[in-house]
$ cat final19.tsv   # TSV, C-alpha atoms
chain	number	residue	atom	x	y	z
X	507	MET	CA	-16.53	-8.27	-12.23
X	508	PRO	CA	-15.44	-11.44	-14.08
X	509	GLY	CA	-12.09	-11.65	-12.29
X	510	ARG	CA	-13.63	-11.33	-8.85
X	511	ARG	CA	-16.36	-13.84	-9.68
X	512	ALA	CA	-13.78	-16.36	-10.88
X	513	SER	CA	-11.77	-15.83	-7.70
X	514	GLU	CA	-14.86	-16.39	-5.53
X	515	GLU	CA	-15.75	-19.56	-7.45
X	516	PHE	CA	-12.19	-20.82	-7.02
X	517	ARG	CA	-12.34	-20.16	-3.27
X	518	ARG	CA	-15.73	-21.86	-3.02
X	519	ASP	CA	-14.38	-24.92	-4.85
X	520	GLN	CA	-11.38	-24.93	-2.52
X	521	LEU	CA	-13.64	-24.86	0.52
X	522	LEU	CA	-15.89	-27.63	-0.82
X	523	ALA	CA	-12.82	-29.78	-1.48
X	524	ALA	CA	-11.73	-29.19	2.11
X	525	ALA	CA	-15.25	-30.00	3.32
X	526	PHE	CA	-15.18	-33.27	1.38
X	527	THR	CA	-11.87	-34.22	2.99
X	528	VAL	CA	-13.17	-33.41	6.47
X	529	ALA	CA	-16.47	-35.23	5.93
X	530	THR	CA	-14.85	-38.41	4.61
X	531	ARG	CA	-12.33	-38.40	7.44
X	532	THR	CA	-14.59	-37.57	10.39
X	533	ARG	CA	-18.07	-38.27	8.87
X	534	LEU	CA	-20.70	-35.54	8.80
X	535	GLU	CA	-20.65	-35.15	12.58
X	536	GLY	CA	-17.20	-33.61	12.28
X	537	LEU	CA	-18.05	-31.28	9.41
X	538	THR	CA	-17.90	-27.87	11.08
X	539	ILE	CA	-17.02	-24.39	9.90
X	540	ARG	CA	-13.83	-24.44	11.98
X	541	ALA	CA	-12.78	-27.88	10.75
X	542	VAL	CA	-13.19	-26.84	7.11
X	543	ALA	CA	-11.33	-23.59	7.70
X	544	ARG	CA	-8.48	-25.47	9.35
X	545	GLU	CA	-8.34	-28.02	6.51
X	546	ALA	CA	-8.28	-25.26	3.88
X	547	GLY	CA	-5.81	-23.11	5.81
X	548	LEU	CA	-8.26	-20.21	5.82
X	549	SER	CA	-10.22	-18.29	8.42
X	550	PRO	CA	-13.65	-19.38	9.71
X	551	GLY	CA	-14.92	-15.97	8.66
X	552	LEU	CA	-14.04	-16.67	5.03
X	553	VAL	CA	-15.88	-19.99	5.18
X	554	LEU	CA	-18.93	-18.16	6.56
X	555	PHE	CA	-18.66	-15.60	3.77
X	556	HIS	CA	-19.29	-18.37	1.23
X	557	PHE	CA	-21.54	-20.55	3.39
X	558	ALA	CA	-23.67	-18.62	5.86
X	559	SER	CA	-24.03	-21.55	8.26
X	560	ARG	CA	-22.98	-25.13	8.85
X	561	ASP	CA	-26.30	-26.22	7.37
X	562	ALA	CA	-25.59	-24.24	4.20
X	563	LEU	CA	-22.19	-25.93	3.99
X	564	LEU	CA	-23.80	-29.37	4.41
X	565	ILE	CA	-26.25	-28.66	1.60
X	566	ALA	CA	-23.59	-27.25	-0.73
X	567	LEU	CA	-21.37	-30.30	-0.25
X	568	LEU	CA	-24.33	-32.60	-0.88
X	569	ASP	CA	-25.19	-30.75	-4.10
X	570	ARG	CA	-21.61	-31.20	-5.31
X	571	LEU	CA	-21.58	-34.86	-4.28
X	572	LEU	CA	-24.84	-35.63	-6.08
X	573	ALA	CA	-23.80	-33.79	-9.24
X	574	GLU	CA	-20.56	-35.78	-9.46
X	575	THR	CA	-21.85	-39.18	-8.33
X	576	ILE	CA	-25.42	-39.73	-9.56
X	577	VAL	CA	-25.40	-39.12	-13.31
X	578	GLY	CA	-26.85	-41.98	-15.38
X	579	GLU	CA	-26.33	-40.40	-18.80
X	580	ALA	CA	-25.59	-42.85	-21.60
X	581	THR	CA	-22.38	-42.24	-23.53
X	582	ALA	CA	-22.18	-42.12	-27.32
X	583	GLU	CA	-20.52	-45.54	-27.21
X	584	ILE	CA	-23.49	-47.01	-25.33
X	585	LEU	CA	-26.01	-45.34	-27.62
X	586	ALA	CA	-24.25	-46.85	-30.65
X	587	LEU	CA	-25.00	-50.42	-29.55
X	588	PRO	CA	-27.40	-52.28	-31.87
X	589	SER	CA	-30.26	-53.15	-29.51
X	590	ALA	CA	-32.12	-51.41	-26.71
X	591	ARG	CA	-31.45	-54.36	-24.40
X	592	ALA	CA	-27.70	-54.15	-25.10
X	593	ARG	CA	-27.71	-50.41	-24.41
X	594	LEU	CA	-29.46	-50.81	-21.07
X	595	LEU	CA	-27.15	-53.65	-20.03
X	596	ALA	CA	-24.12	-51.57	-21.01
X	597	LEU	CA	-25.34	-48.68	-18.87
X	598	LEU	CA	-25.86	-51.03	-15.93
X	599	ALA	CA	-22.38	-52.47	-16.46
X	600	ARG	CA	-20.81	-49.02	-16.48
X	601	GLU	CA	-22.60	-47.95	-13.30
X	602	LEU	CA	-21.64	-51.11	-11.41
X	603	GLU	CA	-18.05	-51.12	-12.65
X	604	LEU	CA	-17.63	-47.60	-11.26
X	605	LEU	CA	-18.64	-48.65	-7.74
X	606	PRO	CA	-15.22	-49.74	-6.38
X	607	GLY	CA	-13.62	-46.45	-7.41
X	608	ARG	CA	-16.47	-44.42	-5.91
X	609	ARG	CA	-16.44	-46.07	-2.50
X	610	THR	CA	-15.45	-42.94	-0.57
X	611	ARG	CA	-18.11	-40.83	-2.29
X	612	LEU	CA	-20.75	-43.52	-1.83
X	613	GLU	CA	-20.01	-43.85	1.88
X	614	LEU	CA	-20.53	-40.11	2.21
X	615	PHE	CA	-23.74	-40.38	0.17
X	616	PHE	CA	-25.10	-42.91	2.66
X	617	ASP	CA	-24.10	-40.65	5.54
X	618	TYR	CA	-26.31	-38.01	3.95
X	619	TRP	CA	-29.02	-40.61	3.34
X	620	VAL	CA	-29.20	-41.32	7.09
X	621	VAL	CA	-29.18	-37.63	8.02
X	622	GLY	CA	-31.85	-37.01	5.40
X	623	ILE	CA	-34.35	-39.13	7.34
X	624	GLY	CA	-34.79	-36.20	9.71
X	625	HIS	CA	-33.64	-33.33	7.49
X	626	ARG	CA	-36.23	-32.23	4.94
X	627	ALA	CA	-33.87	-30.24	2.70
X	628	ILE	CA	-31.33	-33.06	2.47
X	629	ARG	CA	-34.01	-35.68	1.87
X	630	GLY	CA	-35.59	-33.53	-0.84
X	631	ARG	CA	-32.29	-33.11	-2.66
X	632	ILE	CA	-31.60	-36.84	-2.61
X	633	GLN	CA	-35.12	-37.57	-3.87
X	634	ARG	CA	-34.71	-35.11	-6.73
X	635	ALA	CA	-31.31	-36.54	-7.63
X	636	LEU	CA	-32.75	-40.05	-7.81
X	637	GLN	CA	-35.61	-38.76	-9.95
X	638	ARG	CA	-33.07	-37.21	-12.34
X	639	TYR	CA	-31.30	-40.58	-12.36
X	640	ARG	CA	-34.53	-42.34	-13.36
X	641	ASP	CA	-35.23	-39.66	-15.97
X	642	ALA	CA	-31.76	-40.16	-17.48
X	643	ILE	CA	-32.33	-43.92	-17.77
X	644	LEU	CA	-35.94	-43.59	-18.96
X	645	PRO	CA	-35.20	-43.27	-22.74
X	646	LEU	CA	-33.19	-46.51	-22.67
X	647	ALA	CA	-35.89	-48.25	-20.65
X	648	GLU	CA	-38.67	-47.06	-22.98
X	649	ALA	CA	-36.68	-48.35	-25.95
X	650	VAL	CA	-36.41	-51.79	-24.31
X	651	VAL	CA	-40.17	-51.91	-23.70
X	652	ALA	CA	-40.83	-50.90	-27.31
X	653	GLU	CA	-38.31	-53.43	-28.61
X	654	GLU	CA	-39.89	-56.24	-26.62
X	655	GLY	CA	-43.28	-55.47	-28.13
X	656	GLY	CA	-46.05	-57.83	-27.10
X	657	ARG	CA	-43.88	-59.95	-24.79
X	658	LEU	CA	-44.37	-57.46	-21.96
X	659	GLY	CA	-48.08	-57.41	-22.66
X	660	GLY	CA	-48.53	-53.72	-21.92
X	661	VAL	CA	-47.96	-54.43	-18.23
X	662	VAL	CA	-44.48	-52.90	-17.93
X	663	THR	CA	-43.86	-49.25	-18.82
X	664	GLY	CA	-40.58	-47.49	-19.45
X	665	ALA	CA	-40.96	-45.69	-16.12
X	666	ASP	CA	-41.47	-49.04	-14.35
X	667	LEU	CA	-38.29	-50.44	-15.87
X	668	ALA	CA	-36.25	-47.28	-15.20
X	669	GLY	CA	-37.37	-47.35	-11.56
X	670	LEU	CA	-36.40	-51.01	-11.23
X	671	VAL	CA	-32.97	-50.39	-12.78
X	672	VAL	CA	-32.26	-47.53	-10.35
X	673	ALA	CA	-33.47	-49.66	-7.43
X	674	LEU	CA	-31.14	-52.44	-8.57
X	675	ILE	CA	-28.19	-50.05	-8.77
X	676	GLU	CA	-29.01	-48.61	-5.33
X	677	GLY	CA	-29.07	-52.11	-3.86
X	678	CYS	CA	-25.71	-52.93	-5.44
X	679	VAL	CA	-24.32	-49.65	-4.12
X	680	MET	CA	-25.41	-50.52	-0.59
X	681	GLN	CA	-23.82	-53.97	-0.78
X	682	ALA	CA	-20.60	-52.55	-2.22
X	683	VAL	CA	-20.37	-50.05	0.65
X	684	VAL	CA	-21.62	-52.11	3.59
X	685	ASP	CA	-20.18	-55.53	2.70
X	686	PRO	CA	-17.71	-55.14	-0.19
X	687	LYS	CA	-16.13	-58.58	0.35
X	688	ALA	CA	-19.49	-60.23	-0.30
X	689	PHE	CA	-20.19	-58.21	-3.44
X	690	ASP	CA	-18.48	-59.07	-6.71
X	691	VAL	CA	-19.14	-56.66	-9.58
X	692	GLY	CA	-18.27	-59.24	-12.23
X	693	ARG	CA	-20.63	-61.85	-10.81
X	694	ALA	CA	-23.39	-59.26	-10.43
X	695	LEU	CA	-23.09	-58.28	-14.08
X	696	THR	CA	-23.05	-61.90	-15.24
X	697	THR	CA	-26.16	-62.65	-13.18
X	698	ILE	CA	-28.05	-59.59	-14.40
X	699	ALA	CA	-27.22	-60.34	-18.03
X	700	ALA	CA	-28.38	-63.94	-17.61
X	701	VAL	CA	-31.63	-63.00	-15.89
X	702	ILE	CA	-32.69	-60.47	-18.50
X	703	ALA	CA	-31.29	-62.30	-21.50
X	704	PRO	CA	-33.53	-62.26	-24.57
X	705	PRO	CA	-35.93	-65.20	-24.80
X	706	PRO	CA	-34.80	-68.01	-27.10
X	707	VAL	CA	-36.04	-67.76	-30.63
X	708	GLU	CA	-38.46	-70.58	-31.26
X	709	ALA	CA	-37.84	-72.50	-34.40
X	710	ALA	CA	-40.62	-72.09	-36.90
X	711	ALA	CA	-42.70	-75.20	-37.38
X	712	THR	CA	-41.72	-76.95	-40.56
X	713	ALA	CA	-44.65	-77.85	-42.77
X	714	PRO	CA	-44.71	-81.50	-43.88
X	715	ALA	CA	-43.45	-82.06	-47.38
X	716	ARG	CA	-46.14	-82.71	-49.92
X	717	ARG	CA	-46.08	-85.91	-51.90
X	718	ARG	CA	-45.86	-85.47	-55.58
$ encode --input "final19.tsv" --output "structure tokens"
Amino acid sequence: MPGRRASEEFRRDQLLAAAFTVATRTRLEGLTIRAVAREAGLSPGLVLFHFASRDALLIALLDRLLAETIVGEATAEILALPSARARLLALLARELELLPGRRTRLELFFDYWVVGIGHRAIRGRIQRALQRYRDAILPLAEAVVAEEGGRLGGVVTGADLAGLVVALIEGCVMQAVVDPKAFDVGRALTTIAAVIAPPPVEAAATAPARRR
């Protein structure tokens, strides 16, 4: 029944919101069925109706976190920029500029990252999310490689560049979370833009004027 399904989805969203609050307040160690029920003002039995176990709740919260945090899709505004290099830089800028406002989510993401070392299901979900991230950036990266033509000498592929971009973003994320005072988004963007700036256009050699 549509009405019942909508009600169940609403309750599930409510419980995941409560789980997020608990997890960001007490870290994942404190994320229990009872703690989520208490936060949501509902019974533990209702939490177990939607999430059969604490592990299922952990996975469901991770799925929601990944879906809302690791995206990488280029907006129409980015795609309208005139060069592939400009589009990739704009995407990088957007991702880095979002970091300060995502701090709470990113801290929770790294909590999951640590747990995922010994938890196959969590590790697999994070790996797949990062692969989707690379796949989302791949078209922009391939366009940069094509635009550069012979300068890259066939050594760098679009997949190589997409992987490097994601690795760069991950490193910036870690710095922003672990040592935010030492990480300046504006300086990072300025540095990145300078490092991957287009090579200077060499002036064409001027042929000597012929004597008449």
$ atom_distance --input "final19.tsv" --atom1 "CA of Ile675 in chain X" --atom2 "CA of Ala529 in chain X"
23.9 Å
$ closest_atom_pairs --input "final19.tsv" --of "range 529-637 of chain X" --to "range 678-686 of chain X" --cutoff "9 Å" --atoms "all atoms listed in the file" --output "CSV"
residue,atom,partner,partner_atom,distance
X:Leu602,CA,X:Cys678,CA,7.5
X:Leu605,CA,X:Val679,CA,6.8
X:Pro606,CA,X:Ala682,CA,7.4
X:Arg609,CA,X:Val683,CA,6.4
X:Thr610,CA,X:Val683,CA,8.7
X:Leu612,CA,X:Val683,CA,7.0
X:Glu613,CA,X:Val683,CA,6.3
X:Phe616,CA,X:Met680,CA,8.3
$ atom_distance --input "final19.tsv" --atom1 "CA of Asp617 in chain X" --atom2 "CA of Ala525 in chain X"
14.0 Å
$ closest_atom_pairs --input "final19.tsv" --of "range 597-685 of chain X" --to "range 560-567 of chain X" --cutoff "10 Å" --atoms "all atoms listed in the file" --output "tab-separated table"
residue	atom	partner	partner_atom	distance
X:Tyr618	CA	X:Leu564	CA	9.0
X:Ala627	CA	X:Ile565	CA	7.9
X:Ile628	CA	X:Ile565	CA	6.8
X:Arg631	CA	X:Ile565	CA	8.6
$ atom_distance --input "final19.tsv" --atom1 "CA of Ile643 in chain X" --atom2 "CA of His625 in chain X"
27.4 Å
$ closest_residue --input "final19.tsv" --among "X:Val671, X:Thr527, X:Glu545, X:Leu636" --to "Leu597 in chain X" --atoms "only C-alpha atoms"
X:Val671
$ closest_residue --input "final19.tsv" --among "X:Arg544, X:Arg611, X:His556, X:Arg638" --to "Phe526 in chain X" --atoms "all atoms listed in the file"
X:Arg611
$ axis_aligned_box --input "final19.tsv" --around "range 536-544 of chain X" --padding-each-side "3 Å" --output "AutoDock Vina command-line options"
--center_x -13.3 --center_y -28.6 --center_z 9.7 --size_x 15.6 --size_y 16.0 --size_z 11.2
$ closest_residue --input "final19.tsv" --among "X:Glu653, X:Leu670, X:Thr532, X:Leu695" --to "Arg600 in chain X" --atoms "only C-alpha atoms"
X:Leu695
$ residues_around --input "final19.tsv" --residues "Leu572 in chain X" --least-positions-apart "4" --cutoff "9 Å" --atoms "all atoms listed in the file" --output "PDB file with C-alpha atoms, keeping the file's coordinate frame"
ATOM      1  CA  LEU X 567     -21.370 -30.300  -0.250  1.00  0.00           C
ATOM      2  CA  LEU X 568     -24.330 -32.600  -0.880  1.00  0.00           C
ATOM      3  CA  ILE X 576     -25.420 -39.730  -9.560  1.00  0.00           C
ATOM      4  CA  VAL X 577     -25.400 -39.120 -13.310  1.00  0.00           C
ATOM      5  CA  PHE X 615     -23.740 -40.380   0.170  1.00  0.00           C
ATOM      6  CA  ARG X 631     -32.290 -33.110  -2.660  1.00  0.00           C
ATOM      7  CA  ILE X 632     -31.600 -36.840  -2.610  1.00  0.00           C
ATOM      8  CA  ALA X 635     -31.310 -36.540  -7.630  1.00  0.00           C
TER       9      ALA X 635
END
$ residues_around --input "final19.tsv" --residues "range 591-593 of chain X" --least-positions-apart "5" --cutoff "8 Å" --atoms "all atoms listed in the file" --output "number ranges by chain"
X: 584-586, 646, 650
